[in-house]
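S.K.: After the structure tokens below, expect a handful of questions from me.
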2 protein chains.
Amino acid sequence: MNITVTKKALTDALSLLERVIPTRSSNPLLTALHVAATDSGLTLSGTSLEIDLQATVPAEVKAPEDFTVPAHLFAQVVRNLGGELVELTLSGAELTVRSAGSDFKLQTGDRDSYPPLTFPDAPGVSLSAADLARALGSVRYAASNEAFQAVFRGLKLERNAGTLRAAASDGYRVALCDVRSDAPEAPPLIIPARSVDELLRLLKDGTVRLLPGEGQLTVITDRARMNLKLLDGDFPDYERVIPKEIKLTATLPAAALKEAVGRVAVLADKNANNRVEFLIQDGALTLTAEGDYGRAQDTLSVTQGGTEQAMSLAFNARHVLDALGAIDGDVRLSFSGSTSPAVFEPAGDSGYRAVMVTLRA
Amino acid sequence: MNITVTKKALTDALSLLERVIPTRSSNPLLTALHVAATDSGLTLSGTSLEIDLQATVPAEVKAPEDFTVPAHLFAQVVRNLGGELVELTLSGAELTVRSAGSDFKLQTGDRDSYPPLTFPDAPGVSLSAADLARALGSVRYAASNEAFQAVFRGLKLERNAGTLRAAASDGYRVALCDVRSDAPEAPPLIIPARSVDELLRLLKDGTVRLLPGEGQLTVITDRARMNLKLLDGDFPDYERVIPKEIKLTATLPAAALKEAVGRVAVLADKNANNRVEFLIQDGALTLTAEGDYGRAQDTLSVTQGGTEQAMSLAFNARHVLDALGAIDGDVRLSFSGSTSPAVFEPAGDSGYRAVMVTLRA
């Protein structure tokens with residue numbers, strides 16, 4: 001076999017696979033990368049058991065062949081090569097990697113023991129990759145990395161008529177993002193948040209196909225396929241915490257609010273949920289925080305609306321900053337009362353909303 | 001008191017002090033920043049007991065005053081302020097920090113208990129700050145961070161007639177850098193390597209004054225003063241490991257050698273000193289490394305010199321990369337034998353030399 005491939009294409013594909021394939025495992029087979037060379041190029045595959053990933057790389061292949069190599073070592077070797085073209089030659093169990101003045105001989109693994117990875121193919125549901133990335137990427141922060149309940153460590157993908165909605169919650173806050181979709185209505189899927197992080201790396205441009213299967217979702221882009229294990233369980237009914245009757249709104253540049261909250265949070269008490277007080281009154285938002293070392297106050301102009309003249313609430317500064325992360329331009333804060341959840345969303349209609357509980361007085 | 005200072009000048013000075021003042025200490029006084037406001041501006045001081053640092057900041061001061069504040073909290077508050085000007089007002093034990101729409105009230109500390117820091121002043125020895133930075137910065141890597149013998153954790157500053165030399169060694173390698181100096185001959189000083197890291201941050205442009213004292217060195221720049229505790233002990237006699245009779249030289253671009261060594265080192269055995277073999281022969285340098293997963297080889301063209309036709313040696317790849325770090329352009333490798341130390345230095349005369357022991361066959 002003799003394979004010629006560009007270093008750039010190979011490195012790009014390996015950088016995706018490197019994140020999925022574990023560096024260490026009690027089963028060393030799992031640390032391997034499977035490479036299949038065919039007339040249509042190279043197919044690189046790997047799995048973390050939670051995620052199966054397969055990436056295709058254009059290559060000139062003289063004779064079809066397949067082998068496994070230690071994934072992270074191979075990626076490190078390729079990344080450090082000096083030339084633009086990489087030549088791969090398999091001779092027995094030894095893989096030769098050549099480029100410019102370099103010559104690497106790597107021991108390949110036992111390809112027959114490598115678990116076969118299957119990636120279903122079907123038309124599925126087509127969607128803009130950028131839209132799916134925006135929906136998942138905007139709400140990812142609100143999922144918990146540690147919560148006891150598994151569904152809080154997942155993102156819910158709701159497939160409604162005309163709309164695809166991503167939702168995440170850790171029990172204290174909810175983030176929602178709606179994007180347009182022509183797909184028919186279908187049951188929701190819950191994807192582990194950590195798998196969403198890897199999926200987001202695949203979603204660049206063009207369209208993406210979603211193929212839900214038994215306990216897994218297959219995602220197909222033009223250069224990669226990914227199987228994601230889904231979570232079981234009932235996602236909490238977040239609709240009931242979204243306030244219906246808004247009594248006061250305040251609109252201001254999101255960047256100014258981010259900076260001011262970050263500023264006063266320096267003095268907020270880490271042991272009291274990083275508590276920051278919001279007082280809206282007379283067209284101004286006054287933020288205050290107090291801790292062991294002193295007291296901070298910041299005042300910002302806002303465009304005030306609604307029936308109430310003033311309102312005072314407290315939030316976890318960390319949660320406020322997270323909620324503002326996905327908002328550019330102006331943010332609209334909507335309040336229904338001092339002890340009811342509040343909504344932070346872009347002043348324009350972007351489909352994104354953050355709902356946050358207030359801290360008790 | 002009412003002090004007006006630019007956020008930029010205050011932040012620059014605080015960023016230096018923040019690195020020296022500990023974030024936590026069994027003696028909370030040491031985590032404080034001392035601020036003295038006088039007609040000539042603000043003087044900020046702090047100490048890690050190893051290093052005393054004082055920085056001056058131009059400021060408009062209405063009435064002289066001094067106070068202490070928690071250093072890291074104060075720096076974080078100032079860094080996050082929104083305005084370009086910062087107003088400081090002391091009222092009793094409370095410091096008010098105001099800028100744009102922000103108003104911070106910070107508790108100050110007990111200024112009377114703060115240990116007085118004294119910075120000697122005298123003409124001392126003047127030197128170009130850039131030269132001193134180059135000398136110390138080039139050899140810093142060769143000092144050990146962990147060695148049992150304290151002198152190996154220090155940098156030796158030799159004051160010879162016409163030359164200032166910085167030297168560092170961890171027992172396996174020596175790095176030397178000579179710069180011109182008009183200062184008279186004087187006994188050498190040994191500065192802890194970790195203190196050198198902080199000193200390097202002070203050395204930008206202009207001249208610097210060195211004032212050696214009893215067990216300490218005071219360094220004065222136009223915006224800061226630093227006392228550095230010196231190390232006692234005898235620095236090893238490194239002169240005897242520098243090879244005198246060079247039998248073979250090889251000259252090549254340092255960048256190409258760095259890349260090639262980094263490349264083959266991927267396969268080098270971490271448990272065998274990251275061993276990389278160098279073979280110089282027929283105008284070529286061949287690098288090889290071998291480990292559990294395979295074998296790597298890289299070939300580079302070199303300009304060969306000296307009386308011997310070929311030589312084969314082995315080095316720790318990590319040490320080779322460290323030695324090349326301070327070299328731009330071409331590097332000249334000088335060898336006196338397979339088991340004798342080798343010298344790596346810039347092909348032009350820069351005053352920098354790295355001497356490395358070879359690994360046994």
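Chains: A, B, ... in order of the structure tokens. Residues: from 1 per chain. Ligands: from 1, in order shown.
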Can you pull out every residue within 12 Å of Leu42 (chain A), counting only C-alpha atoms, but drop anything in the same chain fewer than 2 positions away, and send it as JSON, numbers by chain?
M.R.: {"A": [2, 3, 4, 5, 6, 9, 10, 13, 14, 34, 35, 36, 37, 38, 39, 40, 44, 45, 54, 55, 56, 57, 58, 59, 60, 61, 62, 63, 64, 65, 66, 67, 88, 223, 224]}
S.K.: Restricting it to C-alpha atoms, dump the selection as a CSV table (one decimal), in the first residue's frame.
M.R.:
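Produced file part.csv, reproduced below:
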chain,number,residue,atom,x,y,z
A,2,ASN,CA,1.1,3.5,-0.6
A,3,ILE,CA,-1.0,6.4,0.4
A,4,THR,CA,-0.4,10.1,-0.3
A,5,VAL,CA,-2.4,12.7,1.7
A,6,THR,CA,-1.9,16.4,2.5
A,9,ALA,CA,-6.4,17.5,5.6
A,10,LEU,CA,-5.0,14.7,7.7
A,13,ALA,CA,-9.4,15.1,10.7
A,14,LEU,CA,-7.0,13.8,13.4
A,34,HIS,CA,-8.8,2.8,12.7
A,35,VAL,CA,-7.6,3.8,9.2
A,36,ALA,CA,-9.3,2.4,6.0
A,37,ALA,CA,-7.7,3.4,2.7
A,38,THR,CA,-10.0,3.0,-0.3
A,39,ASP,CA,-10.2,4.4,-3.8
A,40,SER,CA,-12.3,7.3,-2.4
A,44,LEU,CA,-10.5,7.5,10.0
A,45,SER,CA,-12.6,6.1,12.9
A,54,GLN,CA,-15.6,8.8,11.5
A,55,ALA,CA,-13.9,11.4,9.3
A,56,THR,CA,-13.1,11.1,5.6
A,57,VAL,CA,-9.9,12.6,4.1
A,58,PRO,CA,-9.2,12.9,0.4
A,59,ALA,CA,-6.1,10.8,-0.4
A,60,GLU,CA,-4.4,9.1,-3.3
A,61,VAL,CA,-4.5,5.4,-2.6
A,62,LYS,CA,-2.6,2.8,-4.6
A,63,ALA,CA,-4.2,-0.3,-3.1
A,64,PRO,CA,-7.0,-0.6,-0.5
A,65,GLU,CA,-5.9,-1.5,3.0
A,66,ASP,CA,-6.8,-1.0,6.6
A,67,PHE,CA,-4.9,-0.8,9.9
A,88,LEU,CA,1.9,6.3,4.4
A,223,ARG,CA,-16.8,15.3,6.1
A,224,ALA,CA,-17.7,13.3,9.1
S.K.: Using only C-alpha atoms, find the residues of chain A whose closest atom to chain B is at most 10 Å away, then write them as a VMD selection string.
M.R.: chain A and resid 69 to 70 73 to 74 76 to 82 94 to 108 256 259 to 267 286 to 301
S.K.: Give me a file of those residues, with C-alpha atoms, as a PDB file, in the first residue's frame.
M.R.:
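Output saved as out08.pdb:
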ATOM      1  CA  VAL A  69      -2.372   2.811  15.082  1.00  0.00           C
ATOM      2  CA  PRO A  70      -2.110   4.437  18.530  1.00  0.00           C
ATOM      3  CA  LEU A  73       0.922   9.137  18.924  1.00  0.00           C
ATOM      4  CA  PHE A  74       0.005   9.085  15.229  1.00  0.00           C
ATOM      5  CA  GLN A  76       1.413  13.943  17.260  1.00  0.00           C
ATOM      6  CA  VAL A  77       3.754  12.522  14.609  1.00  0.00           C
ATOM      7  CA  VAL A  78       1.670  13.922  11.738  1.00  0.00           C
ATOM      8  CA  ARG A  79       1.266  17.338  13.386  1.00  0.00           C
ATOM      9  CA  ASN A  80       5.036  17.716  13.693  1.00  0.00           C
ATOM     10  CA  LEU A  81       5.931  16.731  10.128  1.00  0.00           C
ATOM     11  CA  GLY A  82       7.768  19.323   8.074  1.00  0.00           C
ATOM     12  CA  GLU A  94       4.883  -1.620  10.391  1.00  0.00           C
ATOM     13  CA  LEU A  95       3.525   1.684   9.148  1.00  0.00           C
ATOM     14  CA  THR A  96       6.051   4.043   7.553  1.00  0.00           C
ATOM     15  CA  VAL A  97       5.191   7.759   7.690  1.00  0.00           C
ATOM     16  CA  ARG A  98       7.334   9.887   5.375  1.00  0.00           C
ATOM     17  CA  SER A  99       7.391  13.622   4.775  1.00  0.00           C
ATOM     18  CA  ALA A 100      10.228  15.966   3.707  1.00  0.00           C
ATOM     19  CA  GLY A 101      13.355  14.573   5.449  1.00  0.00           C
ATOM     20  CA  SER A 102      11.423  12.556   8.061  1.00  0.00           C
ATOM     21  CA  ASP A 103      10.935   8.816   8.215  1.00  0.00           C
ATOM     22  CA  PHE A 104       8.838   7.300  11.029  1.00  0.00           C
ATOM     23  CA  LYS A 105       8.268   3.586  11.558  1.00  0.00           C
ATOM     24  CA  LEU A 106       5.236   2.920  13.759  1.00  0.00           C
ATOM     25  CA  GLN A 107       3.967  -0.388  15.117  1.00  0.00           C
ATOM     26  CA  THR A 108       0.346  -0.908  14.064  1.00  0.00           C
ATOM     27  CA  ALA A 256     -22.031  47.180  29.356  1.00  0.00           C
ATOM     28  CA  GLU A 259     -18.660  44.436  32.306  1.00  0.00           C
ATOM     29  CA  ALA A 260     -20.554  45.985  35.218  1.00  0.00           C
ATOM     30  CA  VAL A 261     -21.679  42.623  36.639  1.00  0.00           C
ATOM     31  CA  GLY A 262     -18.128  41.287  36.275  1.00  0.00           C
ATOM     32  CA  ARG A 263     -16.881  44.358  38.129  1.00  0.00           C
ATOM     33  CA  VAL A 264     -19.188  44.306  41.155  1.00  0.00           C
ATOM     34  CA  ALA A 265     -18.915  40.497  41.337  1.00  0.00           C
ATOM     35  CA  VAL A 266     -15.277  40.959  42.461  1.00  0.00           C
ATOM     36  CA  LEU A 267     -16.674  41.892  45.871  1.00  0.00           C
ATOM     37  CA  THR A 286     -28.059  49.920  39.973  1.00  0.00           C
ATOM     38  CA  LEU A 287     -25.986  46.826  40.707  1.00  0.00           C
ATOM     39  CA  THR A 288     -24.625  46.209  44.188  1.00  0.00           C
ATOM     40  CA  ALA A 289     -22.573  43.442  45.741  1.00  0.00           C
ATOM     41  CA  GLU A 290     -21.192  43.079  49.227  1.00  0.00           C
ATOM     42  CA  GLY A 291     -18.675  40.728  50.780  1.00  0.00           C
ATOM     43  CA  ASP A 292     -16.023  40.436  53.456  1.00  0.00           C
ATOM     44  CA  TYR A 293     -13.813  43.121  51.959  1.00  0.00           C
ATOM     45  CA  GLY A 294     -16.296  45.826  51.095  1.00  0.00           C
ATOM     46  CA  ARG A 295     -19.159  46.926  48.917  1.00  0.00           C
ATOM     47  CA  ALA A 296     -19.419  47.604  45.178  1.00  0.00           C
ATOM     48  CA  GLN A 297     -21.972  49.634  43.288  1.00  0.00           C
ATOM     49  CA  ASP A 298     -22.392  50.336  39.595  1.00  0.00           C
ATOM     50  CA  THR A 299     -25.046  52.375  37.819  1.00  0.00           C
ATOM     51  CA  LEU A 300     -26.132  51.957  34.193  1.00  0.00           C
ATOM     52  CA  SER A 301     -28.749  53.773  32.103  1.00  0.00           C
TER      53      SER A 301
END
S.K.: My list of candidates is A:Ala272, A:Ala183, A:Leu252, A:Thr307. Which is closest to Ala284 (chain A) when distances are computed with only C-alpha atoms?
M.R.: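 Closest to Ala284 (chain A), using only C-alpha atoms: A:Leu252.
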S.K.: Counting only C-alpha atoms, what is within 9 Å of Asp205 (chain A), bar same-chain residues fewer than 6 positions away, as a PDB file with C-alpha atoms, in the first residue's frame?
M.R.:
ATOM      1  CA  SER A 128     -28.374  24.204   8.415  1.00  0.00           C
ATOM      2  CA  ALA A 129     -25.211  23.285  10.323  1.00  0.00           C
ATOM      3  CA  ALA A 130     -24.835  26.907  11.462  1.00  0.00           C
TER       4      ALA A 130
END
S.K.: Using only C-alpha atoms, which protein or nucleic acid residues come within 7 Å of region 109-125 of chain B? Drop anything in the same chain fewer than 5 positions from it, and give the result as a PDB file with N, CA, C and O atoms, in the first residue's frame.
M.R.:
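Full text of around-v3.pdb as output:
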ATOM      1  N   LEU B  29      -0.767  40.106  56.858  1.00  0.00           N
ATOM      2  CA  LEU B  29      -0.133  41.391  56.530  1.00  0.00           C
ATOM      3  C   LEU B  29       0.603  41.311  55.201  1.00  0.00           C
ATOM      4  O   LEU B  29       0.678  42.284  54.460  1.00  0.00           O
ATOM      5  N   PHE B  67      -1.838  53.973  53.237  1.00  0.00           N
ATOM      6  CA  PHE B  67      -2.773  52.939  53.700  1.00  0.00           C
ATOM      7  C   PHE B  67      -2.369  51.594  53.096  1.00  0.00           C
ATOM      8  O   PHE B  67      -1.539  51.530  52.179  1.00  0.00           O
ATOM      9  N   THR B  68      -2.955  50.531  53.636  1.00  0.00           N
ATOM     10  CA  THR B  68      -2.761  49.201  53.041  1.00  0.00           C
ATOM     11  C   THR B  68      -4.128  48.639  52.647  1.00  0.00           C
ATOM     12  O   THR B  68      -5.123  48.914  53.306  1.00  0.00           O
ATOM     13  N   VAL B  69      -4.130  47.884  51.542  1.00  0.00           N
ATOM     14  CA  VAL B  69      -5.359  47.205  51.088  1.00  0.00           C
ATOM     15  C   VAL B  69      -4.998  45.788  50.669  1.00  0.00           C
ATOM     16  O   VAL B  69      -3.854  45.524  50.305  1.00  0.00           O
ATOM     17  N   ALA B 183      31.250  48.249  34.136  1.00  0.00           N
ATOM     18  CA  ALA B 183      31.409  48.172  35.587  1.00  0.00           C
ATOM     19  C   ALA B 183      32.738  47.527  35.959  1.00  0.00           C
ATOM     20  O   ALA B 183      33.253  46.685  35.225  1.00  0.00           O
ATOM     21  N   ARG B 209      20.071  50.211  37.402  1.00  0.00           N
ATOM     22  CA  ARG B 209      21.196  50.308  38.338  1.00  0.00           C
ATOM     23  C   ARG B 209      21.195  49.110  39.258  1.00  0.00           C
ATOM     24  O   ARG B 209      20.150  48.709  39.769  1.00  0.00           O
ATOM     25  N   LEU B 210      22.385  48.536  39.472  1.00  0.00           N
ATOM     26  CA  LEU B 210      22.534  47.404  40.379  1.00  0.00           C
ATOM     27  C   LEU B 210      23.262  47.864  41.629  1.00  0.00           C
ATOM     28  O   LEU B 210      24.326  48.477  41.534  1.00  0.00           O
ATOM     29  N   LEU B 211      22.704  47.575  42.811  1.00  0.00           N
ATOM     30  CA  LEU B 211      23.319  47.937  44.084  1.00  0.00           C
ATOM     31  C   LEU B 211      23.435  46.690  44.950  1.00  0.00           C
ATOM     32  O   LEU B 211      22.501  46.357  45.687  1.00  0.00           O
ATOM     33  N   ARG B 225      11.710  49.702  42.036  1.00  0.00           N
ATOM     34  CA  ARG B 225      12.875  49.260  42.791  1.00  0.00           C
ATOM     35  C   ARG B 225      12.578  47.866  43.291  1.00  0.00           C
ATOM     36  O   ARG B 225      11.447  47.580  43.700  1.00  0.00           O
ATOM     37  N   ASN B 227      14.337  44.655  45.764  1.00  0.00           N
ATOM     38  CA  ASN B 227      15.381  43.992  46.544  1.00  0.00           C
ATOM     39  C   ASN B 227      15.246  42.496  46.336  1.00  0.00           C
ATOM     40  O   ASN B 227      14.155  41.944  46.526  1.00  0.00           O
TER      41      ASN B 227
END
S.K.: Run DSSP on the backbone and tell me which residues of region 82-297 of chain B come out as helix (DSSP H, G or I); list them as an MDAnalysis selection string.
M.R.: chainID B and resid 111:113 129:142 150:153 193:202 238:241 254:265 270:272
S.K.: If we count only C-alpha atoms and set the cut-off at 9 Å, which residues sit around region 321-337 of chain A, ignoring sequence neighbours fewer than 6 positions away in its own chain? Please answer as a PyMOL selection string.
M.R.: chain A and resi 137-139+141-142+175+243-255+257-258+261-262+306+311-313+343-348+352-356
S.K.: What's around Leu49 (chain B) at 12 Å? Count only C-alpha atoms, leave out sequence neighbours fewer than 2 positions away in its own chain, and write the answer as a VMD selection string.
M.R.: chain B and resid 20 to 22 25 27 29 to 31 46 to 47 51 to 53 115 to 117 195 216 226 to 230
S.K.: As an NGL selection string, please: every residue in region 225-333 of chain B that a backbone DSSP assignment puts in strand (DSSP E or B).
M.R.: :B and (225-229 or 248-253 or 275-281 or 284-291 or 294-301 or 303-306 or 310-316 or 330-333)
S.K.: Which residue, B:Ala342, B:Leu132, B:Val208, B:Leu33, has the smallest gap to Leu16 (chain B) when you use only C-alpha atoms?
M.R.: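 Smallest distance to Leu16 (chain B) is found for B:Leu33.
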